[in-house]
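So this block is start02.txt, compact mmCIF, N, CA and C atoms:
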# COMPACT_ATOMS: atom_id res chain seq x y z
N MET A 432 8.81 32.55 37.87
CA MET A 432 10.13 32.82 38.38
C MET A 432 10.13 32.63 39.90
N ARG A 433 11.05 31.88 40.41
CA ARG A 433 11.17 31.62 41.85
C ARG A 433 12.09 32.66 42.47
N THR A 434 11.66 33.22 43.58
CA THR A 434 12.50 34.19 44.29
C THR A 434 12.87 33.62 45.65
N MET A 435 13.84 34.27 46.31
CA MET A 435 14.28 33.81 47.62
C MET A 435 13.12 33.77 48.61
N SER A 436 12.20 34.72 48.51
CA SER A 436 11.11 34.80 49.46
C SER A 436 10.08 33.68 49.29
N ASP A 437 10.13 32.95 48.19
CA ASP A 437 9.22 31.83 47.98
C ASP A 437 9.52 30.66 48.91
N ASP A 438 10.73 30.58 49.40
CA ASP A 438 11.13 29.45 50.26
C ASP A 438 11.71 30.01 51.54
N HIS A 439 10.97 29.88 52.64
CA HIS A 439 11.41 30.44 53.91
C HIS A 439 12.72 29.83 54.40
N THR A 440 13.01 28.61 54.00
CA THR A 440 14.27 27.98 54.39
C THR A 440 15.45 28.77 53.83
N ASP A 441 15.36 29.17 52.57
CA ASP A 441 16.43 29.96 51.95
C ASP A 441 16.60 31.30 52.65
N VAL A 442 15.49 31.92 52.99
CA VAL A 442 15.53 33.22 53.66
C VAL A 442 16.19 33.07 55.03
N ARG A 443 15.78 32.05 55.79
CA ARG A 443 16.37 31.80 57.12
C ARG A 443 17.88 31.58 57.01
N GLU A 444 18.29 30.74 56.07
CA GLU A 444 19.72 30.46 55.90
C GLU A 444 20.49 31.72 55.54
N PHE A 445 19.93 32.53 54.66
CA PHE A 445 20.58 33.77 54.23
C PHE A 445 20.82 34.70 55.42
N PHE A 446 19.77 34.93 56.22
CA PHE A 446 19.89 35.88 57.32
C PHE A 446 20.60 35.29 58.53
N THR A 447 20.47 34.01 58.79
CA THR A 447 21.16 33.38 59.92
C THR A 447 22.67 33.51 59.75
N ALA A 448 23.14 33.30 58.55
CA ALA A 448 24.58 33.41 58.28
C ALA A 448 25.09 34.82 58.55
N ARG A 449 24.27 35.81 58.33
CA ARG A 449 24.70 37.21 58.52
C ARG A 449 24.46 37.71 59.94
N ALA A 450 23.53 37.12 60.66
CA ALA A 450 23.17 37.59 61.99
C ALA A 450 24.28 37.37 63.02
N ALA A 451 25.06 36.31 62.86
CA ALA A 451 26.07 35.96 63.86
C ALA A 451 27.05 37.09 64.13
N ASP A 452 27.46 37.82 63.10
CA ASP A 452 28.46 38.87 63.30
C ASP A 452 27.94 40.26 62.92
N TRP A 453 26.63 40.39 62.86
CA TRP A 453 26.03 41.67 62.44
C TRP A 453 26.48 42.83 63.32
N ASP A 454 26.45 42.65 64.64
CA ASP A 454 26.79 43.75 65.55
C ASP A 454 28.25 44.18 65.39
N SER A 455 29.14 43.26 65.11
CA SER A 455 30.55 43.64 64.94
C SER A 455 30.79 44.28 63.57
N ARG A 456 29.99 43.92 62.59
CA ARG A 456 30.13 44.50 61.25
C ARG A 456 29.50 45.89 61.15
N PHE A 457 28.47 46.11 61.93
CA PHE A 457 27.74 47.38 61.88
C PHE A 457 27.56 47.93 63.29
N PRO A 458 28.65 48.33 63.94
CA PRO A 458 28.58 48.74 65.34
C PRO A 458 27.76 50.02 65.56
N ASP A 459 27.57 50.82 64.54
CA ASP A 459 26.82 52.07 64.71
C ASP A 459 25.31 51.84 64.72
N ASP A 460 24.86 50.63 64.38
CA ASP A 460 23.42 50.37 64.36
C ASP A 460 22.79 50.48 65.74
N GLY A 461 23.47 50.01 66.76
CA GLY A 461 22.92 50.03 68.12
C GLY A 461 22.56 51.43 68.58
N PRO A 462 23.52 52.36 68.57
CA PRO A 462 23.20 53.73 68.99
C PRO A 462 22.16 54.40 68.09
N ALA A 463 22.21 54.15 66.79
CA ALA A 463 21.23 54.74 65.88
C ALA A 463 19.83 54.20 66.17
N TYR A 464 19.75 52.91 66.45
CA TYR A 464 18.47 52.30 66.79
C TYR A 464 17.94 52.87 68.11
N ALA A 465 18.80 52.97 69.10
CA ALA A 465 18.40 53.52 70.40
C ALA A 465 17.89 54.95 70.26
N ALA A 466 18.57 55.74 69.43
CA ALA A 466 18.15 57.13 69.21
C ALA A 466 16.78 57.18 68.53
N ALA A 467 16.57 56.30 67.55
CA ALA A 467 15.28 56.27 66.84
C ALA A 467 14.16 55.88 67.80
N VAL A 468 14.41 54.91 68.65
CA VAL A 468 13.41 54.49 69.63
C VAL A 468 13.13 55.62 70.62
N ALA A 469 14.17 56.31 71.06
CA ALA A 469 13.99 57.43 71.99
C ALA A 469 13.13 58.52 71.37
N ASP A 470 13.31 58.74 70.06
CA ASP A 470 12.52 59.76 69.36
C ASP A 470 11.03 59.44 69.35
N LEU A 471 10.68 58.18 69.52
CA LEU A 471 9.27 57.79 69.54
C LEU A 471 8.57 58.19 70.85
N ARG A 472 9.37 58.45 71.87
CA ARG A 472 8.84 58.84 73.19
C ARG A 472 7.80 57.84 73.69
N LEU A 473 8.17 56.59 73.64
CA LEU A 473 7.26 55.53 74.09
C LEU A 473 7.06 55.59 75.60
N ARG A 474 5.88 55.22 76.03
CA ARG A 474 5.57 55.14 77.46
C ARG A 474 5.25 53.70 77.80
N ALA A 475 5.32 53.38 79.07
CA ALA A 475 4.97 52.03 79.52
C ALA A 475 3.59 51.67 79.00
N GLY A 476 3.47 50.50 78.42
CA GLY A 476 2.20 50.03 77.89
C GLY A 476 1.99 50.33 76.42
N ASP A 477 2.82 51.21 75.82
CA ASP A 477 2.71 51.47 74.39
C ASP A 477 3.11 50.22 73.62
N ARG A 478 2.60 50.12 72.39
CA ARG A 478 2.93 49.00 71.51
C ARG A 478 3.49 49.51 70.22
N VAL A 479 4.41 48.75 69.64
CA VAL A 479 5.04 49.12 68.38
C VAL A 479 5.03 47.92 67.46
N LEU A 480 4.73 48.12 66.20
CA LEU A 480 4.79 47.07 65.20
C LEU A 480 5.92 47.40 64.24
N ASP A 481 6.89 46.50 64.16
CA ASP A 481 8.01 46.64 63.24
C ASP A 481 7.67 45.78 62.03
N ALA A 482 7.07 46.39 61.02
CA ALA A 482 6.57 45.63 59.86
C ALA A 482 7.50 45.77 58.67
N GLY A 483 7.84 44.64 58.10
CA GLY A 483 8.62 44.65 56.86
C GLY A 483 10.05 45.07 57.01
N CYS A 484 10.63 44.86 58.16
CA CYS A 484 12.01 45.29 58.37
C CYS A 484 13.00 44.12 58.36
N GLY A 485 12.58 43.01 57.86
CA GLY A 485 13.47 41.85 57.73
C GLY A 485 13.59 41.13 58.98
Target format structure tokens, applied to this file:
Amino acid sequence: MRTMSDDHTDVREFFTARAADWDSRFPDDGPAYAAAVADLRLRAGDRVLDAGCG
């Protein structure tokens, strides 16, 4: 069985089409993301890996 993830071209096309207006469709994501990052209490020089988040 072939899935979307088997072909990176399909995945790119799927997400590219949605990325153009993502911020206007989900305006609450920005503040929620900023709050989550603030909760991490990162300092200069810290590193973060965002794994598997699309």
Next item on the list: Would you mind writing down, as number ranges by chain, each residue of chain A that DSSP on the backbone assigns to alpha helix (DSSP H)?
Entry: A: 439-450, 453-456, 460-470
Checklist line | Distance in Å - atom C of Thr440 (chain A) versus atom C of Gly461 (chain A) | finding: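 Computing the Euclidean distance for atom C of Thr440 (chain A) and atom C of Gly461 (chain A) yields 28.0 Å.
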Item checked: atom C of Pro462 (chain A) to atom N of Arg449 (chain A), straight-line distance in Å ->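 These two atoms are separated by 21.1 Å.
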Notebook entry, point to check: How many Å separate CA of Asp481 (chain A) from atom N of Val468 (chain A)?
Noted result: 11.8 Å
